[in-house]
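Take a look at the structure below.
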Amino acid sequence: MPIPKMLAGGVAAALALGAGGAIVHEALDSSPSAAGTQTTASARPIAANSTPSAIYDGAKDAVTYIVADTPQGQATGSGFVVSKDGLIVTNDHVVDGASRVQVIVGTGKQAQEATVVGADPSRDLALLKVDGHDLKTLSLGDSSSVGVGDNTYAIGNPFGLDHTFTTGIVSALNRDLQAPDGATISGAIQTDAAINPGNSGGPLLDGGGKVIGVNSQIETGSPNGAEGGNVGIGFAIPASTVKAFIDDAKGGKLAPSQQQQQQADPWGQGQQQQQEQQADPYGLGIG
């Protein structure tokens, strides 16, 4: 059967940026070097099973747009803020091997530099740090209490389309995923909420607006790792795994090594323009 795909938006980003931003459009029009103070959004409580619009309004200012410069080109992905002083969770495959990472927080237009402070390929998770003060955050929910049929909501930047919001349900639980280093990530949540290249690292939310998973892979139905888009089968790393990762990263156990930072990207999520015709051009593939 076809293998689930990584979700970093490589060639879509490279083509858009190289051509002046047709897809990524406003995301990188601002000068990253001129990053200023981010506008702070005040948090507001979200009742369980809120309306989709209320969930979006409560989460949009904590979702991030991520651009990583890799040896293969530029990769784009998503993330979300987990601390008021600027800690951000994303997928490891979004920033793996990056020499530079830039982040746009919330609905702002100003990119700022980010530092990778924790990375774990075996869980496909990374923790970034940007300068921040009283930023809007998202809280981790209890992924063990999630049930099949529960409502799900995804926010991210598929194909560079920032803050795209999609809805669905929990389709299945306890799926196994293959991590970038070949390890098994257990307990993944399967959802039919539309997620696509560029959604990597973004939050999967429950009916109360809490993060129950990190969107990471999709099943495309395409054979042999060929390119493909959403077919209603997506996978999120469960919040329980994310929480354990954050605790380890804050404890200094997962500081990225120089070798990790310079590692070649085995899936080419940041393809250069001239590589667009090769297999898996959107940087999805995991083999």
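Chain labels follow the order of the structure tokens: the first chain is A, the next B, and so on; residue numbering restarts at 1 in every chain, and ligands are counted from 1 in their shown order.
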For segment 62-68 of chain A, please output as a PyMOL selection string all residues within 9 Å (counting only C-alpha atoms; exclusion window: fewer than 5 positions along the same chain). chain A and resi 13+27-28+41+73-82+88+90+94-107+111+135-138+155-157+160+162-163+198+202-203+270
Determine which residues of segment 40-207 of chain A DSSP labels as strand (DSSP E or B) from the backbone of this structure, then write them out as a PyMOL selection string. chain A and resi 63-70+73-81+87-90+100-105+112-120+125-129+140+151-156+164-178+184-191+203-205
Tell me, counting only C-alpha atoms, for each residue of segment 76-128 of chain A within 8 Å of segment 167-186 of chain A, which pair of atoms is nearest and how far apart they are in Å to one decimal, in rows ordered by chain and increasing number, as a tab-separated table.
```
residue	atom	partner	partner_atom	distance
A:His93	CA	A:Pro180	CA	6.9
A:Pro121	CA	A:Pro180	CA	5.6
A:Ser122	CA	A:Ala183	CA	5.3
A:Arg123	CA	A:Ile185	CA	6.1
A:Asp124	CA	A:Ala179	CA	5.7
```
Restricting it to C-alpha atoms, dump the selection as a CSV table (one decimal), in the first residue's frame.
```csv
chain,number,residue,atom,x,y,z
A,93,HIS,CA,11.5,17.3,9.1
A,121,PRO,CA,14.0,12.9,14.6
A,122,SER,CA,12.7,9.8,16.3
A,123,ARG,CA,9.6,11.7,17.2
A,124,ASP,CA,9.7,14.0,14.2
```
From atom CA of Lys109 of chain A to atom CA of Asp131 of chain A the spacing works out at 15.4 Å
Smallest atom-to-atom distance to Lys60 of chain A: which of A:Ala236, A:Phe245, A:Gly221, A:Tyr153, using only C-alpha atoms?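 That would be A:Tyr153, the residue with the smallest distance to Lys60 of chain A.
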